[in-house]
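Asker: The file below is query.pdb, PDB, C-alpha atoms, pLDDT in the B column:
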ATOM      1  CA  MET Y 242       2.682  76.261  47.111  1.00 49.00           C
ATOM      2  CA  VAL Y 243       4.678  79.317  46.163  1.00 46.00           C
ATOM      3  CA  LYS Y 244       5.812  80.104  42.637  1.00 43.00           C
ATOM      4  CA  CYS Y 245       9.510  80.765  42.324  1.00 44.00           C
ATOM      5  CA  GLU Y 246       9.989  84.234  40.841  1.00 45.00           C
ATOM      6  CA  PHE Y 247      13.066  83.105  38.878  1.00 43.00           C
ATOM      7  CA  CYS Y 248      12.058  79.820  37.264  1.00 46.00           C
ATOM      8  CA  PHE Y 249       8.250  80.194  37.653  1.00 44.00           C
ATOM      9  CA  ARG Y 250       7.882  76.637  38.948  1.00 47.00           C
ATOM     10  CA  PRO Y 251       5.933  75.775  42.068  1.00 50.00           C
ATOM     11  CA  GLN Y 252       8.138  75.514  45.170  1.00 51.00           C
ATOM     12  CA  GLN Y 253       7.397  74.079  48.582  1.00 55.00           C
ATOM     13  CA  GLY Y 254       7.255  76.689  51.357  1.00 54.00           C
ATOM     14  CA  ARG Y 255       9.069  80.009  51.262  1.00 56.00           C
ATOM     15  CA  ILE Y 256      11.767  81.029  48.836  1.00 52.00           C
ATOM     16  CA  ASN Y 257      15.174  81.233  50.479  1.00 60.00           C
ATOM     17  CA  PRO Y 258      16.478  84.843  50.398  1.00 58.00           C
ATOM     18  CA  LYS Y 259      19.962  83.517  49.461  1.00 56.00           C
ATOM     19  CA  ASP Y 260      18.479  81.984  46.299  1.00 54.00           C
ATOM     20  CA  ARG Y 261      17.090  85.381  45.351  1.00 52.00           C
ATOM     21  CA  VAL Y 262      20.530  86.999  45.759  1.00 50.00           C
ATOM     22  CA  MET Y 263      22.265  84.222  43.823  1.00 49.00           C
ATOM     23  CA  ALA Y 264      19.799  84.518  40.959  1.00 51.00           C
ATOM     24  CA  LYS Y 265      20.463  88.242  40.708  1.00 52.00           C
ATOM     25  CA  ASN Y 266      24.245  87.649  40.682  1.00 75.00           C
ATOM     26  CA  MET Y 267      24.226  85.281  37.739  1.00 87.00           C
ATOM     27  CA  ILE Y 268      27.519  83.561  36.960  1.00 89.00           C
ATOM     28  CA  ARG Y 269      28.970  84.634  33.635  1.00 92.00           C
ATOM     29  CA  PRO Y 270      32.242  83.891  31.852  1.00 93.00           C
ATOM     30  CA  ILE Y 271      35.216  85.830  33.214  1.00 95.00           C
ATOM     31  CA  ARG Y 272      36.602  88.267  30.662  1.00 94.00           C
ATOM     32  CA  THR Y 273      38.678  90.736  32.677  1.00 95.00           C
ATOM     33  CA  GLU Y 274      41.163  90.713  35.522  1.00 95.00           C
ATOM     34  CA  THR Y 275      38.632  92.603  37.655  1.00 95.00           C
ATOM     35  CA  GLU Y 276      35.976  89.934  37.091  1.00 95.00           C
ATOM     36  CA  TYR Y 277      38.588  87.301  37.902  1.00 95.00           C
ATOM     37  CA  ASP Y 278      39.437  89.017  41.204  1.00 95.00           C
ATOM     38  CA  GLU Y 279      35.726  89.282  42.063  1.00 94.00           C
ATOM     39  CA  ALA Y 280      35.209  85.577  41.356  1.00 94.00           C
ATOM     40  CA  LEU Y 281      38.199  84.687  43.543  1.00 95.00           C
ATOM     41  CA  ASP Y 282      36.822  86.836  46.367  1.00 94.00           C
ATOM     42  CA  GLU Y 283      33.458  85.122  46.101  1.00 93.00           C
ATOM     43  CA  ILE Y 284      34.799  81.574  45.980  1.00 93.00           C
ATOM     44  CA  GLU Y 285      37.100  82.216  48.969  1.00 93.00           C
ATOM     45  CA  ARG Y 286      34.026  82.645  51.162  1.00 90.00           C
ATOM     46  CA  TYR Y 287      33.131  79.020  50.495  1.00 90.00           C
ATOM     47  CA  PHE Y 288      36.513  77.714  51.682  1.00 89.00           C
ATOM     48  CA  ASP Y 289      35.755  78.409  55.340  1.00 86.00           C
ATOM     49  CA  ASN Y 290      32.164  77.223  55.153  1.00 87.00           C
ATOM     50  CA  GLU Y 291      31.869  74.559  52.456  1.00 88.00           C
ATOM     51  CA  PRO Y 292      28.333  74.304  51.046  1.00 90.00           C
ATOM     52  CA  LYS Y 293      26.355  71.086  51.391  1.00 91.00           C
ATOM     53  CA  PRO Y 294      26.266  69.005  48.184  1.00 92.00           C
ATOM     54  CA  GLY Y 295      23.081  69.352  46.171  1.00 92.00           C
ATOM     55  CA  THR Y 296      22.325  72.892  47.343  1.00 92.00           C
ATOM     56  CA  ALA Y 297      22.189  76.010  45.212  1.00 91.00           C
ATOM     57  CA  GLU Y 298      25.300  77.258  47.000  1.00 91.00           C
ATOM     58  CA  ALA Y 299      27.185  74.064  46.135  1.00 92.00           C
ATOM     59  CA  ASP Y 300      26.172  74.486  42.488  1.00 93.00           C
ATOM     60  CA  ARG Y 301      27.360  78.085  42.584  1.00 93.00           C
ATOM     61  CA  PHE Y 302      30.680  77.019  44.112  1.00 93.00           C
ATOM     62  CA  ASP Y 303      31.187  74.411  41.361  1.00 94.00           C
ATOM     63  CA  LEU Y 304      30.363  76.908  38.613  1.00 95.00           C
ATOM     64  CA  LEU Y 305      32.711  79.517  40.072  1.00 95.00           C
ATOM     65  CA  ALA Y 306      35.499  76.951  40.209  1.00 95.00           C
ATOM     66  CA  LEU Y 307      34.890  76.061  36.553  1.00 96.00           C
ATOM     67  CA  ILE Y 308      34.925  79.619  35.232  1.00 96.00           C
ATOM     68  CA  ILE Y 309      38.007  80.485  37.313  1.00 96.00           C
ATOM     69  CA  GLU Y 310      39.823  77.419  35.998  1.00 95.00           C
ATOM     70  CA  ASP Y 311      38.815  78.288  32.420  1.00 95.00           C
ATOM     71  CA  TYR Y 312      40.055  81.881  32.758  1.00 95.00           C
ATOM     72  CA  GLU Y 313      43.367  80.754  34.277  1.00 95.00           C
ATOM     73  CA  ARG Y 314      43.880  78.160  31.535  1.00 93.00           C
ATOM     74  CA  LYS Y 315      43.316  80.810  28.852  1.00 94.00           C
ATOM     75  CA  CYS Y 316      45.370  83.590  30.467  1.00 94.00           C
ATOM     76  CA  TRP Y 317      48.215  81.585  31.958  1.00 92.00           C
ATOM     77  CA  PRO Y 318      48.594  78.355  29.985  1.00 90.00           C
ATOM     78  CA  ILE Y 319      51.152  75.886  31.248  1.00 84.00           C
ATOM     79  CA  ASP Y 320      53.111  74.143  28.542  1.00 81.00           C
ATOM     80  CA  PRO Y 321      53.961  70.511  29.120  1.00 77.00           C
ATOM     81  CA  PRO Y 322      57.580  69.947  30.152  1.00 84.00           C
ATOM     82  CA  GLU Y 323      60.167  68.860  27.633  1.00 91.00           C
ATOM     83  CA  ALA Y 324      60.519  65.090  27.360  1.00 93.00           C
ATOM     84  CA  ILE Y 325      63.865  64.865  29.161  1.00 95.00           C
ATOM     85  CA  ASP Y 326      62.614  67.073  32.010  1.00 94.00           C
ATOM     86  CA  ALA Y 327      59.538  64.849  32.367  1.00 95.00           C
ATOM     87  CA  ILE Y 328      61.718  61.736  32.478  1.00 97.00           C
ATOM     88  CA  ARG Y 329      64.102  63.244  35.042  1.00 97.00           C
ATOM     89  CA  TYR Y 330      61.166  64.393  37.182  1.00 96.00           C
ATOM     90  CA  ARG Y 331      59.623  60.905  37.172  1.00 97.00           C
ATOM     91  CA  MET Y 332      62.996  59.379  38.027  1.00 97.00           C
ATOM     92  CA  GLU Y 333      63.381  61.766  40.962  1.00 97.00           C
ATOM     93  CA  THR Y 334      59.841  61.383  42.334  1.00 96.00           C
ATOM     94  CA  ALA Y 335      59.605  57.614  41.879  1.00 96.00           C
ATOM     95  CA  GLY Y 336      63.165  56.807  42.932  1.00 97.00           C
ATOM     96  CA  TYR Y 337      64.174  55.422  39.546  1.00 97.00           C
ATOM     97  CA  THR Y 338      67.839  55.373  38.557  1.00 96.00           C
ATOM     98  CA  GLN Y 339      69.543  55.693  35.206  1.00 96.00           C
ATOM     99  CA  ALA Y 340      70.039  51.914  35.384  1.00 96.00           C
ATOM    100  CA  ASP Y 341      66.232  51.518  35.679  1.00 97.00           C
ATOM    101  CA  LEU Y 342      65.799  53.713  32.623  1.00 97.00           C
ATOM    102  CA  GLY Y 343      68.405  51.620  30.796  1.00 96.00           C
ATOM    103  CA  ARG Y 344      66.516  48.413  31.593  1.00 96.00           C
ATOM    104  CA  LEU Y 345      63.294  49.979  30.303  1.00 96.00           C
ATOM    105  CA  LEU Y 346      64.844  51.325  27.087  1.00 95.00           C
ATOM    106  CA  GLY Y 347      67.190  48.412  26.351  1.00 94.00           C
ATOM    107  CA  SER Y 348      70.623  49.593  27.534  1.00 95.00           C
ATOM    108  CA  ARG Y 349      72.339  51.926  29.980  1.00 95.00           C
ATOM    109  CA  GLN Y 350      74.150  53.633  27.103  1.00 96.00           C
ATOM    110  CA  ARG Y 351      70.837  54.354  25.372  1.00 96.00           C
ATOM    111  CA  ALA Y 352      69.480  55.807  28.621  1.00 96.00           C
ATOM    112  CA  SER Y 353      72.576  57.988  28.974  1.00 96.00           C
ATOM    113  CA  ASP Y 354      72.282  59.197  25.377  1.00 96.00           C
ATOM    114  CA  ILE Y 355      68.600  60.053  25.896  1.00 96.00           C
ATOM    115  CA  LEU Y 356      69.251  61.977  29.117  1.00 96.00           C
ATOM    116  CA  THR Y 357      72.122  63.964  27.565  1.00 96.00           C
ATOM    117  CA  LYS Y 358      70.028  64.649  24.428  1.00 93.00           C
ATOM    118  CA  LYS Y 359      72.535  62.865  22.174  1.00 95.00           C
ATOM    119  CA  ARG Y 360      69.754  60.581  20.952  1.00 94.00           C
ATOM    120  CA  PRO Y 361      66.080  61.430  20.398  1.00 93.00           C
ATOM    121  CA  LEU Y 362      63.279  59.411  21.931  1.00 93.00           C
ATOM    122  CA  THR Y 363      61.619  57.028  19.536  1.00 94.00           C
ATOM    123  CA  MET Y 364      57.875  56.437  19.601  1.00 94.00           C
ATOM    124  CA  ARG Y 365      58.529  52.949  21.049  1.00 95.00           C
ATOM    125  CA  MET Y 366      60.584  54.471  23.900  1.00 96.00           C
ATOM    126  CA  ALA Y 367      57.922  57.126  24.533  1.00 96.00           C
ATOM    127  CA  TRP Y 368      55.251  54.436  24.652  1.00 96.00           C
ATOM    128  CA  LYS Y 369      57.236  52.365  27.182  1.00 96.00           C
ATOM    129  CA  LEU Y 370      57.843  55.418  29.381  1.00 97.00           C
ATOM    130  CA  HIS Y 371      54.170  56.340  29.235  1.00 97.00           C
ATOM    131  CA  ARG Y 372      52.922  52.818  29.875  1.00 97.00           C
ATOM    132  CA  ASP Y 373      55.425  51.710  32.521  1.00 97.00           C
ATOM    133  CA  TRP Y 374      56.321  54.950  34.302  1.00 97.00           C
ATOM    134  CA  ASN Y 375      53.033  56.858  33.733  1.00 96.00           C
ATOM    135  CA  ILE Y 376      54.709  59.866  32.134  1.00 95.00           C
ATOM    136  CA  PRO Y 377      52.085  61.839  30.172  1.00 92.00           C
ATOM    137  CA  ALA Y 378      52.351  61.047  26.471  1.00 92.00           C
ATOM    138  CA  GLU Y 379      51.955  64.762  25.615  1.00 89.00           C
ATOM    139  CA  ALA Y 380      55.231  65.494  27.408  1.00 90.00           C
ATOM    140  CA  LEU Y 381      57.076  62.700  25.613  1.00 93.00           C
ATOM    141  CA  ILE Y 382      55.955  63.313  22.032  1.00 89.00           C
ATOM    142  CA  ALA Y 383      55.798  67.114  21.908  1.00 79.00           C
ATOM    143  CA  PRO Y 384      58.352  68.643  19.543  1.00 75.00           C
ATOM    144  CA  PRO Y 385      61.260  70.246  21.400  1.00 66.00           C
ATOM    145  CA  ARG Y 386      60.930  73.965  21.934  1.00 66.00           C
ATOM    146  CA  THR Y 387      63.375  76.151  20.064  1.00 64.00           C
ATOM    147  CA  ARG Y 388      65.142  78.878  21.955  1.00 59.00           C
ATOM    148  CA  GLY Y 389      65.215  82.324  20.426  1.00 52.00           C
ATOM    149  CA  ARG Y 390      65.205  81.321  16.734  1.00 50.00           C
ATOM    150  CA  LYS Y 391      62.191  81.055  14.540  1.00 50.00           C
ATOM    151  CA  SER Y 392      62.088  78.568  11.724  1.00 48.00           C
ATOM    152  CA  ALA Y 393      62.423  79.766   8.150  1.00 48.00           C
ATOM    153  CA  ALA Y 394      59.050  78.265   7.222  1.00 44.00           C
TER     154      ALA Y 394
END
Go ahead and express the file in the form of structure tokens.
Answerer:
Amino acid sequence: MVKCEFCFRPQQGRINPKDRVMAKNMIRPIRTETEYDEALDEIERYFDNEPKPGTAEADRFDLLALIIEDYERKCWPIDPPEAIDAIRYRMETAGYTQADLGRLLGSRQRASDILTKKRPLTMRMAWKLHRDWNIPAEALIAPPRTRGRKSAA
């Protein structure tokens, strides 16, 4: 039995030199663009030679992916699309027509008014679109973005 110099628990056989290097290069939250670039460089090495699940390298890969994702979410957030854009996208990708939207919402005229922004979506319409067409609810119920003007409040 050998004691691990990092966790001080007994280990079977020799300590893998890679484990020693990984312990010295502890994963920390990414706070700068330089740290982000370094993390990307490190995780790229795993793309060609994917680590075996359950190994220290696999754990390191997973942690790197998490901190990279967290940094990207904080630095470059992606707003959900506006409701009409989400509806049009679903229609395009799923092959739905305006007639299909009319059947879902109650009439072709209502569907036309929604798509041309003459009529707002109601909560009942948003629920049907979410339930039946799997459009994310966040995209359907978010308040419309204003362009250029700030509210007086």
Asker: Report the distance between atom CA of Y:Ser353 and atom CA of Y:Ala383 in Å, rounded to one decimal place.
Answerer: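 If I compute the distance from atom CA of Y:Ser353 to atom CA of Y:Ala383, I get 20.4 Å.
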Asker: Do a neighbour search on Y:Ile284 at 9 Å with all atoms listed in the file, toss out local chain neighbours closer than 3 positions, and write the hits as a count of residues only.
Answerer: 9
Asker: Using only C-alpha atoms, pick whichever of Y:Glu379, Y:Glu291, Y:Glu285, Y:Glu274 has the shortest atom-to-atom distance to Y:Glu323.
Answerer: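 Between Y:Glu379, Y:Glu291, Y:Glu285, Y:Glu274, the residue approaching Y:Glu323 most closely is Y:Glu379.
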Asker: Show me a table, sorted first by chain and then by increasing residue number, of the residues of stretch 259-337 of chain Y having an atom at most 8 Å from stretch 363-376 of chain Y, each with its shortest atom pair and the distance in Å to one decimal, counting all atoms listed in the file and written as CSV.
Answerer:
residue,atom,partner,partner_atom,distance
Y:Ala327,CA,Y:Ile376,CA,6.9
Y:Ile328,CA,Y:Ile376,CA,7.3
Y:Arg331,CA,Y:Ile376,CA,7.1
Asker: Write the selection just made, keeping C-alpha atoms, as an mmCIF file, in the coordinates of the input?
Answerer:
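Wrote selection.cif, looks like this:
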data_model
loop_
_atom_site.group_PDB
_atom_site.id
_atom_site.type_symbol
_atom_site.label_atom_id
_atom_site.label_comp_id
_atom_site.auth_asym_id
_atom_site.auth_seq_id
_atom_site.Cartn_x
_atom_site.Cartn_y
_atom_site.Cartn_z
ATOM 1 C CA ALA Y 327 59.538 64.849 32.367
ATOM 2 C CA ILE Y 328 61.718 61.736 32.478
ATOM 3 C CA ARG Y 331 59.623 60.905 37.172
#
Asker: Could you tell me, as a PyMOL selection string, which residues have any atom at most 10 Å from (65.5, 60.3, 24.0), counting all atoms listed in the file?
Answerer: chain Y and resi 324-325+328+346+351-364+366-367+381
Asker: At what distance in Å, to one decimal, does atom CA of Y:Pro384 lie from atom CA of Y:Asp320?
Answerer: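 Distance between the two atoms: 11.8 Å.
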Asker: For the atom pair atom CA of Y:Pro270 and atom CA of Y:Ile308, what is the interatomic distance in Å to one decimal place?
Answerer: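 A separation of 6.1 Å between them.
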